[in-house]
Amino acid sequence: MALLSFLFPSKPKTASAAKERLQIIIARERNGRGGPDFLPALHRELIEVISKYTKVNADDIKISLDRQGNLEVLDVNVVLPDA
């Protein structure tokens with residue numbers, strides 16, 4: 001079975017991959033404060049991931065990053081359509 005696992009590795013779950021990407025983006029943003037803004041790219045990726053599961057309007061996803069001293073809060077609001 002180990003040979004089959006080596007030849008056909010399982011694909012990572014979408015949620016865990018998105019979480020990992022988000023952690024990398026946030027860590028990079030903290031280190032390079034003067035670097036490029038990651039929020040537009042994050043917004044596009046969230047639209048792609050959420051669109052896999054439900055129809056959502058791009059305007060219904062709001063992302064903001066608030067900074068107060070050493071504290072940073074990433075706020076993601078998604079308005080899902082009614083069932």
# chains A, B, ... in the order shown; residues from 1 in each chain; ligands from 1
>>> residues_around(residues="range 41-58 of chain A", least_positions_apart="3", cutoff="12 Å", atoms="only C-alpha atoms", output="JSON, numbers by chain")
{"A": [13, 14, 15, 16, 17, 18, 19, 21, 22, 23, 24, 25, 26, 36, 37, 38, 61, 62, 63, 64, 65, 74, 75, 76, 77, 78, 79, 80, 81, 82, 83]}
>>> write_last_selection(atoms="C-alpha atoms", output="mmCIF file, in the first residue's frame")
data_model
loop_
_atom_site.group_PDB
_atom_site.id
_atom_site.type_symbol
_atom_site.label_atom_id
_atom_site.label_comp_id
_atom_site.auth_asym_id
_atom_site.auth_seq_id
_atom_site.Cartn_x
_atom_site.Cartn_y
_atom_site.Cartn_z
ATOM 1 C CA LYS A 13 -8.386 19.426 1.510
ATOM 2 C CA THR A 14 -9.471 22.819 0.158
ATOM 3 C CA ALA A 15 -10.089 24.278 3.610
ATOM 4 C CA SER A 16 -6.699 23.259 4.964
ATOM 5 C CA ALA A 17 -4.952 24.607 1.848
ATOM 6 C CA ALA A 18 -6.805 27.920 2.168
ATOM 7 C CA LYS A 19 -5.947 28.121 5.876
ATOM 8 C CA ARG A 21 -2.218 30.131 2.391
ATOM 9 C CA LEU A 22 -3.874 32.627 4.704
ATOM 10 C CA GLN A 23 -1.320 31.959 7.459
ATOM 11 C CA ILE A 24 1.539 32.472 4.991
ATOM 12 C CA ILE A 25 0.031 35.716 3.693
ATOM 13 C CA ILE A 26 -0.494 37.095 7.192
ATOM 14 C CA PRO A 36 2.442 44.890 -1.555
ATOM 15 C CA ASP A 37 -1.116 44.675 -0.294
ATOM 16 C CA PHE A 38 -2.346 41.066 -0.129
ATOM 17 C CA ILE A 61 -17.437 39.373 0.379
ATOM 18 C CA LYS A 62 -15.816 42.122 2.447
ATOM 19 C CA ILE A 63 -12.272 41.899 3.788
ATOM 20 C CA SER A 64 -10.597 44.391 6.072
ATOM 21 C CA LEU A 65 -7.404 44.488 8.091
ATOM 22 C CA LEU A 74 -8.369 40.342 9.731
ATOM 23 C CA ASP A 75 -12.137 40.605 9.291
ATOM 24 C CA VAL A 76 -13.816 38.545 6.558
ATOM 25 C CA ASN A 77 -17.564 38.978 6.083
ATOM 26 C CA VAL A 78 -19.390 36.780 3.587
ATOM 27 C CA VAL A 79 -23.087 37.279 2.864
ATOM 28 C CA LEU A 80 -24.465 33.945 1.694
ATOM 29 C CA PRO A 81 -27.604 33.760 -0.434
ATOM 30 C CA ASP A 82 -30.853 32.595 1.164
ATOM 31 C CA ALA A 83 -31.632 28.913 0.775
#
